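To keep things clear, I will list the structure first and then write my remarks on it.
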Amino acid sequence: MHYIFDVDGTLTPSRQLMNKHFEKWFENFSAHHNVYLVTGSDRDKTLAQVGDVIYNLAKTVYNCSGNDVWKQDKNIRSNYFQLPDNVKKDLTIEANDSRFHAKNGDHFDERPGLVNFSVVGRNCSLENRFLYVQWDEHKNEREIIAEKMREKYPDLNFQVAGETGIDITLKGLDKSQILKDFITHDGAIYFFGDKMEYGGNDYELGLAVARSGNHVHQVKDWRHTWKILKELSA
């Protein structure tokens, strides 16, 4: 069996560290099962969140939605993507026009094969991050922006990711691209993610896993993931 996990919202609170009790349990689980991580975050952020032990116990880590692939400290492959100037201009206008009042100004985070856009800004305080999460839950701002961009730029993916961002990749280079590595693998696949709804950055992979006849678990948070894993391990 092969267990594929999103990170933010699935193994950790968004952009935060793993719970210490869950981390210890998950280390043991990873040592005895085929575990894979797939996240929009880059390698350094993922290492900071899950720690060296879990990162290196994973069979493969698919950073940047599978655009930067690692096996322990060895880079297997990376894709290159630069956000076109006209797209960046349009997103900057969206950030400036947003009525959310506490914006940091650092709206773009460039990663291998992926750019993350955030209205509130990447270096916002935890307080402003919390305020934006509430704002977006009420206004659905990220999905409105993402859908507008999808219609205008059909060759790009715009996916709601984490609590505050939108992940942008070339079409087809979302998380679902990792399944090509599993074609020759025997055994069932279990995928855990929190952003499984249309427009979320787990949607395409969840859909592809389900269509292949394998198992998809949409979770509410790391506690929900832990509960399901305990049931599967019983």
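In the structure tokens, chains take letters A, B, ... by order of appearance, with residues numbered from 1 within each chain and ligands from 1 in the order shown.
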
**OP:** Could you find all residues in segment 24-169 of chain A that DSSP calls strand (DSSP E) from the backbone, and write them as a PyMOL selection string?
**Re:** chain A and resi 34-38+60-63+68-71+74-78+108-111+114-118+156-161+165-169

Original post:
Near Gly51 of chain A, counting only C-alpha atoms, which residues have an atom at most 10 Å away, once you skip same-chain residues fewer than 6 positions from it, shown as a PyMOL selection string?
Top reply: chain A and resi 17-18+23+27+44-45

Subject >> Distance criterion (only C-alpha atoms): nearest to Ala210 of chain A out of A:Trp25, A:Phe191, A:Trp222, A:Trp70 >> reply: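 Ranked by minimum distance to Ala210 of chain A, first place goes to A:Phe191.
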
Subject >> Top pick for closest residue to Ala95 of chain A, considering A:Val7, A:Ile145, A:Ala58, A:Ala48 and counting only C-alpha atoms >> reply: A:Ile145

Which residues of segment 171-203 of chain A come within 10 Å of segment 36-42 of chain A, and for each one, what is the closest pair of atoms and their distance in Å to one decimal, counting only C-alpha atoms, sorted by chain and residue number, as a tab-separated table?
```
residue	atom	partner	partner_atom	distance
A:Asp174	CA	A:Gly40	CA	9.1
A:Lys175	CA	A:Val38	CA	7.1
A:Ser176	CA	A:Val38	CA	9.8
A:Ile178	CA	A:Val38	CA	8.4
A:Phe191	CA	A:Tyr36	CA	9.4
A:Phe192	CA	A:Leu37	CA	9.7
A:Gly193	CA	A:Val38	CA	9.4
A:Asn201	CA	A:Gly40	CA	8.0
A:Asp202	CA	A:Thr39	CA	9.0
```

**OP:** Identify, with DSSP run on backbone atoms, the residues in segment 177-207 of chain A assigned to alpha helix (DSSP H), and express the list as a count of residues only.
**Re:** 5

Fewer than 5 positions away in the same chain doesn't count, so skip those; otherwise give me all residues within 8 Å of segment 73-82 of chain A, counting only C-alpha atoms, as a compact mmCIF listing (two decimals) with N, CA and C atoms, in the first residue's frame.
```txt
# COMPACT_ATOMS: atom_id res chain seq x y z
N ASN A 56 12.79 12.52 5.58
CA ASN A 56 13.70 11.52 5.03
C ASN A 56 13.17 10.10 5.08
N ASN A 67 6.46 19.71 -8.64
CA ASN A 67 7.39 20.36 -9.57
C ASN A 67 8.83 20.38 -9.07
N ASP A 68 9.04 19.93 -7.84
CA ASP A 68 10.38 19.85 -7.26
C ASP A 68 10.42 18.57 -6.41
N GLU A 110 7.87 32.89 -5.39
CA GLU A 110 8.29 32.07 -6.52
C GLU A 110 8.99 30.82 -6.03
N PRO A 112 10.10 26.48 -7.34
CA PRO A 112 10.33 25.68 -8.55
C PRO A 112 9.02 25.21 -9.18
N GLY A 113 8.75 25.67 -10.39
CA GLY A 113 7.56 25.22 -11.12
C GLY A 113 6.25 25.77 -10.62
N LEU A 114 6.27 26.71 -9.69
CA LEU A 114 5.04 27.18 -9.06
C LEU A 114 5.24 28.58 -8.50
N VAL A 115 4.19 29.41 -8.58
CA VAL A 115 4.18 30.71 -7.91
C VAL A 115 2.96 30.76 -7.00
N THR A 169 0.38 27.26 -11.54
CA THR A 169 1.29 26.40 -12.28
C THR A 169 0.86 26.35 -13.74
N LEU A 170 1.72 25.80 -14.58
CA LEU A 170 1.30 25.50 -15.94
C LEU A 170 0.23 24.42 -15.91
```

**OP:** Determine, counting only C-alpha atoms, which protein, DNA and RNA residues have an atom within 10 Å of an atom of Lys103 of chain A; residues of the same chain fewer than 2 positions away are not included. Present the result as JSON, numbers by chain.
**Re:** {"A": [95, 96, 98, 99, 100, 101, 105, 106, 107, 118, 119, 120, 121, 122, 123, 124, 125, 128, 129, 132]}

Emit the selected residues as a tab-separated table (two decimals), in the first residue's frame, including C-alpha atoms.
```tsv
chain	number	residue	atom	x	y	z
A	95	ALA	CA	-4.49	42.55	-4.39
A	96	ASN	CA	-4.68	46.35	-4.54
A	98	SER	CA	-9.14	43.84	-2.33
A	99	ARG	CA	-11.07	45.47	0.47
A	100	PHE	CA	-9.18	43.46	3.07
A	101	HIS	CA	-7.55	46.20	5.12
A	105	GLY	CA	2.60	43.82	0.22
A	106	ASP	CA	4.73	40.71	-0.38
A	107	HIS	CA	2.15	39.06	-2.63
A	118	SER	CA	-1.46	35.93	-1.52
A	119	VAL	CA	-3.61	39.03	-1.04
A	120	VAL	CA	-2.62	39.41	2.61
A	121	GLY	CA	1.10	38.92	1.82
A	122	ARG	CA	3.53	36.11	2.60
A	123	ASN	CA	5.14	37.79	5.61
A	124	CYS	CA	1.96	38.88	7.33
A	125	SER	CA	1.62	38.61	11.10
A	128	ASN	CA	-3.48	39.40	10.12
A	129	ARG	CA	-3.28	35.88	8.72
A	132	TYR	CA	-7.67	37.09	6.37
```

**OP:** For atom CA of Val219 of chain A and atom CA of Asp155 of chain A, quote the distance in Å rounded to one decimal.
**Re:**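 Straight-line distance from atom CA of Val219 of chain A to atom CA of Asp155 of chain A works out to 29.5 Å.
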
**OP:** Compare A:His32, A:Arg43, A:Lys171, A:His217 by their minimum atom-to-atom distance to Phe5 of chain A, counting only C-alpha atoms, and give me the closest one.
**Re:**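 Result for the nearest residue to Phe5 of chain A: A:His217.
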
Subject >> Contact residues around Val87 of chain A with only C-alpha atoms at 10 Å, ignoring same-chain residues under 6 positions, as a PyMOL selection string >> reply: chain A and resi 93+149+152-153+156

With N, CA and C atoms retained, could you export that selection as a PDB file, in the first residue's frame?
```
ATOM      1  N   ILE A  93      -3.245  43.940  -9.350  1.00  0.00           N
ATOM      2  CA  ILE A  93      -4.463  44.765  -9.341  1.00  0.00           C
ATOM      3  C   ILE A  93      -5.505  44.170  -8.397  1.00  0.00           C
ATOM      4  N   MET A 149      -9.137  34.409 -13.015  1.00  0.00           N
ATOM      5  CA  MET A 149      -7.870  34.159 -13.693  1.00  0.00           C
ATOM      6  C   MET A 149      -7.938  32.917 -14.585  1.00  0.00           C
ATOM      7  N   LYS A 152      -9.494  33.889 -17.828  1.00  0.00           N
ATOM      8  CA  LYS A 152      -8.667  34.772 -18.654  1.00  0.00           C
ATOM      9  C   LYS A 152      -7.407  34.082 -19.156  1.00  0.00           C
ATOM     10  N   TYR A 153      -6.870  33.137 -18.349  1.00  0.00           N
ATOM     11  CA  TYR A 153      -5.617  32.462 -18.705  1.00  0.00           C
ATOM     12  C   TYR A 153      -5.814  30.951 -18.632  1.00  0.00           C
ATOM     13  N   LEU A 156      -3.109  28.146 -17.664  1.00  0.00           N
ATOM     14  CA  LEU A 156      -2.528  28.085 -16.328  1.00  0.00           C
ATOM     15  C   LEU A 156      -3.520  27.511 -15.330  1.00  0.00           C
TER      16      LEU A 156
END
```
